[in-house]
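Have a look at the structure below before the remarks.
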Amino acid sequence: MDVHQLLLPLLALLAVGGGIYAIAYPLLVGDSQAEKRKAALQSRMPAQLAGRVNDAAKRRKAVAESLRELDARTRSKKLSLETKLLQGGIAWSRQKYYIASAVAALLAASVALILSQNLFVAGGALFVGGFGLPSWVVSFRRKRRLRKFLDEFPSAVDIIVRGIKAGIPLGDCLRNIASEAAEPVKTEFRMIIEAQQMGLSIPEAVDRIIERVPLAESNFFSIVINIQAKAGGNLAEALGNLSVVLRDRKKMKAKIKAMSAEAKASAGIIGALPPIVATLIYMTSPAYMSLLFYTSTGHMVLAGCAVWMSCGIFIMKKMINFDM
C-alpha cells in the first residue's frame with residue numbers, strides 16, 4: 001500500500017480529534033483554572049490597588065443609590081403652583097396669581113364681546129384668558145429662566161474647579177458664584193449659601209437646587225457633591241469631568257437645534273399659511289369671507305378649521321421636537 005494513502009486518513013483523524021479536544025476541553029475543565037489565576041493575581045495585588053478598586057466600587061454603588069433616590073423623588077412629586085412660579089422666577093403668591101388670572105379673563109372676554117358681539121366667543125375668550133394665558137406666561141418664563149441657567153451653569157462649575165485646585169474651600173467658591181455670577185445662577189447659589197447659614201450642610205443645601213431648577217445638569221451637580229461628601233475623592237476632578245459633560249450636552253443640543261431648524265421652519269410655514277391666505281382673501285374680497293364671520297354655518301366651519309389646524313400643529317410639534 002502506498003505511504004501517502006496511509007498518511008491521509010491518519011492526518012484526517014488527528015484533525016478531527018484535535019477539533020473535538022478544543023471544543024470539549026473548556027467544558028470538561030470549566031473555569032477552575034481561570035479562578036485559580038484570578039485568585040493568584042488578587043493575592044499578588046498590592047494593597048493600595050485593592051483599596052482603589054474598593055473605593056471605585058463604593059462610588060459606583062453610591063452613584064447608583066443616588067440616581068435611584070433622585071428618580072423616585074422626581075416621579076413621585078407633582079409640581080404645585082408655587083413651585084412653578086418659583087421655577088419661573090415670579091415672586092407671586094397663589095392669591096396674586098388668581099387675581100391676575102381673573103383680570104386677564106375679564107379683559108379677554110370684554111375685548112372679544114366688543115369685537116364679535118357673540119356670547120359664545122366671549123365665553124371662549126373668558127376661558128382662554130383665565131386659564132390658558134396665565135399658564136402659558138408661567139411656562140414661558142420658566143423655560144426662559146431654565147435656558148439662561150443652562151447657559152451660565154458650566155462657567156459656575158469651572159469657577160468651583162479652579163477655586164478648589166487653588167486651595168479655596170468649597171463654601172468660599174459657592175460664595176464667589178453667589179456674588180459674581182450672572183442671573184439666575186447667582187440667585188440659586190445665593191439661596192444655597194442662605195440655606196447653609198441656616199444650619200444645613202453643603203450637600204443638603206445643594207439638594208434644594210433640584211426643586212428650583214429641575215434639570216439633568218443640576219441633578220448631576222447635586223449627585224457629585226453628595227458622592228464626594230459620602231465617599232470622598234477628588235472633588236476638583238469630579239467637577240471638571242462634570243463641566244466637560246455639561247458643555248458636551250450643550251454642544252449636542254445646539255447641533256440638534258441646527259439639524260432640526262429646516263423641519264421647524266417648514267412646520268412654521270405650513271402652520272402660518274392658512275391664516276395668511278385667509279387674511280389676504282379677506283383684504284381683497286371682504287364679502288366673500290364675511291360669510292364665515294356673520295353666519296352660523298361659517299362659525300361651524302371656523303370651529304372645525306381651528307380644531308383640525310390645532311391637531312396638525314400638535315402633530316408637527318411632536319415630530320420635530322427632540323428631547324435629550
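Quick note on naming: the chains in the C-alpha cells go A, B, ... in the order shown, residues restart at 1 in each chain, and ligands are numbered from 1 in order of appearance.
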For region 181-279 of chain A versus region 85-104 of chain A, which residues have an atom no more than 9 Å away, and what is each residue's nearest atom pair and distance in Å rounded to one decimal, using only C-alpha atoms, chain-then-number order, as a tab-separated table?
residue	atom	partner	partner_atom	distance
A:Pro184	CA	A:Gly89	CA	8.5
A:Glu211	CA	A:Gln87	CA	8.0
A:Arg212	CA	A:Gln87	CA	5.1
A:Val213	CA	A:Gln87	CA	6.3
A:Pro214	CA	A:Gln87	CA	8.2
Could you save the residues just selected, with all heavy atoms, as a PDB file, in the first residue's frame?
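The new file out_39.pdb reads:
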ATOM      1  N   PRO A 184     -29.761  83.467  36.169  1.00  0.00           N
ATOM      2  CA  PRO A 184     -30.278  83.154  37.510  1.00  0.00           C
ATOM      3  C   PRO A 184     -29.363  82.284  38.359  1.00  0.00           C
ATOM      4  O   PRO A 184     -29.739  81.868  39.443  1.00  0.00           O
ATOM      5  CB  PRO A 184     -31.570  82.402  37.184  1.00  0.00           C
ATOM      6  CG  PRO A 184     -31.262  81.677  35.932  1.00  0.00           C
ATOM      7  CD  PRO A 184     -30.328  82.550  35.140  1.00  0.00           C
ATOM      8  N   GLU A 211     -35.200  71.327  43.268  1.00  0.00           N
ATOM      9  CA  GLU A 211     -36.598  71.752  43.308  1.00  0.00           C
ATOM     10  C   GLU A 211     -36.806  73.044  42.538  1.00  0.00           C
ATOM     11  O   GLU A 211     -37.845  73.234  41.904  1.00  0.00           O
ATOM     12  CB  GLU A 211     -37.033  71.928  44.762  1.00  0.00           C
ATOM     13  CG  GLU A 211     -36.945  70.646  45.590  1.00  0.00           C
ATOM     14  CD  GLU A 211     -37.350  70.879  47.028  1.00  0.00           C
ATOM     15  OE1 GLU A 211     -37.672  72.047  47.363  1.00  0.00           O
ATOM     16  OE2 GLU A 211     -37.351  69.915  47.817  1.00  0.00           O
ATOM     17  N   ARG A 212     -35.830  73.946  42.584  1.00  0.00           N
ATOM     18  CA  ARG A 212     -35.977  75.230  41.901  1.00  0.00           C
ATOM     19  C   ARG A 212     -35.538  75.176  40.442  1.00  0.00           C
ATOM     20  O   ARG A 212     -36.043  75.944  39.628  1.00  0.00           O
ATOM     21  CB  ARG A 212     -35.162  76.299  42.644  1.00  0.00           C
ATOM     22  CG  ARG A 212     -35.570  76.493  44.095  1.00  0.00           C
ATOM     23  CD  ARG A 212     -34.827  77.663  44.708  1.00  0.00           C
ATOM     24  NE  ARG A 212     -33.392  77.444  44.734  1.00  0.00           N
ATOM     25  CZ  ARG A 212     -32.722  76.872  45.739  1.00  0.00           C
ATOM     26  NH1 ARG A 212     -33.375  76.439  46.801  1.00  0.00           N
ATOM     27  NH2 ARG A 212     -31.411  76.713  45.701  1.00  0.00           N
ATOM     28  N   VAL A 213     -34.591  74.266  40.129  1.00  0.00           N
ATOM     29  CA  VAL A 213     -34.090  74.140  38.759  1.00  0.00           C
ATOM     30  C   VAL A 213     -34.144  72.651  38.388  1.00  0.00           C
ATOM     31  O   VAL A 213     -33.162  71.926  38.535  1.00  0.00           O
ATOM     32  CB  VAL A 213     -32.650  74.681  38.633  1.00  0.00           C
ATOM     33  CG1 VAL A 213     -32.201  74.680  37.167  1.00  0.00           C
ATOM     34  CG2 VAL A 213     -32.544  76.069  39.215  1.00  0.00           C
ATOM     35  N   PRO A 214     -35.292  72.157  37.925  1.00  0.00           N
ATOM     36  CA  PRO A 214     -35.436  70.723  37.631  1.00  0.00           C
ATOM     37  C   PRO A 214     -34.801  70.338  36.293  1.00  0.00           C
ATOM     38  O   PRO A 214     -35.480  70.056  35.311  1.00  0.00           O
ATOM     39  CB  PRO A 214     -36.956  70.539  37.605  1.00  0.00           C
ATOM     40  CG  PRO A 214     -37.496  71.849  37.153  1.00  0.00           C
ATOM     41  CD  PRO A 214     -36.554  72.900  37.702  1.00  0.00           C
TER      42      PRO A 214
END
- Task: For region 301-317 of chain A, list every protein, DNA or RNA residue within 12 Å, evaluated using only C-alpha atoms, and leave out those in the same chain fewer than 2 positions away; present the list as a ChimeraX atom specification.
- Result: /A:120-121,124,260,263-275,278,289-299,319-323
- Determine, counting only C-alpha atoms, which protein, DNA and RNA residues have an atom within 9 Å of an atom of Ala108 (chain A); residues of the same chain fewer than 2 positions away are not included. Present the result as a PyMOL selection string. chain A and resi 103-106+110-113+122+125-130
- Between CA of Val137 (chain A) and CA of Val206 (chain A), what is the spacing in Å?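 Between CA of Val206 (chain A) and CA of Val137 (chain A) the gap is 28.0 Å.
Using only C-alpha atoms, the nearest neighbour of Ile202 (chain A) within the list A:Asp151, A:Asp158, A:Glu183, A:Asp172 is A:Asp172.
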- Message: Rounded to one decimal, what separation in Å do you get between CA of Lys230 (chain A) and CA of Gly163 (chain A)?
- Response: 21.1 Å
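The gap separating CA of Pro169 (chain A) from CA of Ala216 (chain A) is 25.4 Å, in Å to one decimal.
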- If you count only C-alpha atoms, which residues fall within 10 Å of Ala195 (chain A), apart from same-chain ones fewer than 6 positions away, as number ranges by chain? A: 189, 201-202, 204-206, 208
Dump of N, CA, C and O atoms for the selected residues, as a compact mmCIF listing (two decimals), in the first residue's frame:
# COMPACT_ATOMS: atom_id res chain seq x y z
N PHE A 189 -27.35 80.09 43.70
CA PHE A 189 -26.24 79.84 44.61
C PHE A 189 -26.33 80.71 45.85
O PHE A 189 -25.84 80.30 46.92
N SER A 201 -26.04 71.38 55.85
CA SER A 201 -24.74 71.09 55.27
C SER A 201 -24.75 71.45 53.78
O SER A 201 -25.80 71.68 53.19
N ILE A 202 -23.54 71.48 53.19
CA ILE A 202 -23.46 71.84 51.77
C ILE A 202 -24.21 70.84 50.89
O ILE A 202 -24.96 71.25 50.00
N GLU A 204 -26.85 69.03 51.65
CA GLU A 204 -28.28 69.24 51.86
C GLU A 204 -28.75 70.54 51.21
O GLU A 204 -29.85 70.60 50.65
N ALA A 205 -27.91 71.57 51.26
CA ALA A 205 -28.28 72.84 50.64
C ALA A 205 -28.27 72.73 49.11
O ALA A 205 -29.13 73.30 48.43
N VAL A 206 -27.32 71.96 48.57
CA VAL A 206 -27.26 71.79 47.12
C VAL A 206 -28.44 70.96 46.63
O VAL A 206 -28.93 71.15 45.50
N ARG A 208 -31.42 71.22 47.41
CA ARG A 208 -32.61 72.06 47.20
C ARG A 208 -32.62 72.73 45.84
O ARG A 208 -33.68 73.23 45.42
- Message: To test your reading of the structure, identify every residue in region 176-280 of chain A that backbone DSSP assigns to alpha helix (DSSP H), and report it as an NGL selection string.
- Response: :A and (176-180 or 185-197 or 202-207 or 209-212 or 216-231 or 235-259 or 261-280)
- Message: Taking only C-alpha atoms into account, name the residue in A:Ile164, A:Leu235, A:Leu215, A:Thr279 that is nearest to Arg142 (chain A).
- Response: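 Ranking A:Ile164, A:Leu235, A:Leu215, A:Thr279 by distance to Arg142 (chain A), first place goes to A:Leu215.
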- Which residue gives the smallest distance to Ala238 (chain A) among A:Leu150, A:Ile160, A:Leu79, A:Ala182, with only C-alpha atoms counted? A:Ile160
- Message: For Val161 (chain A), find every residue with an atom within 12 Å (counting only C-alpha atoms), except residues of its own chain fewer than 2 positions away, and show them as a VMD selection string.
- Response: chain A and resid 154 to 159 163 to 170 173 to 174 177 234 to 244
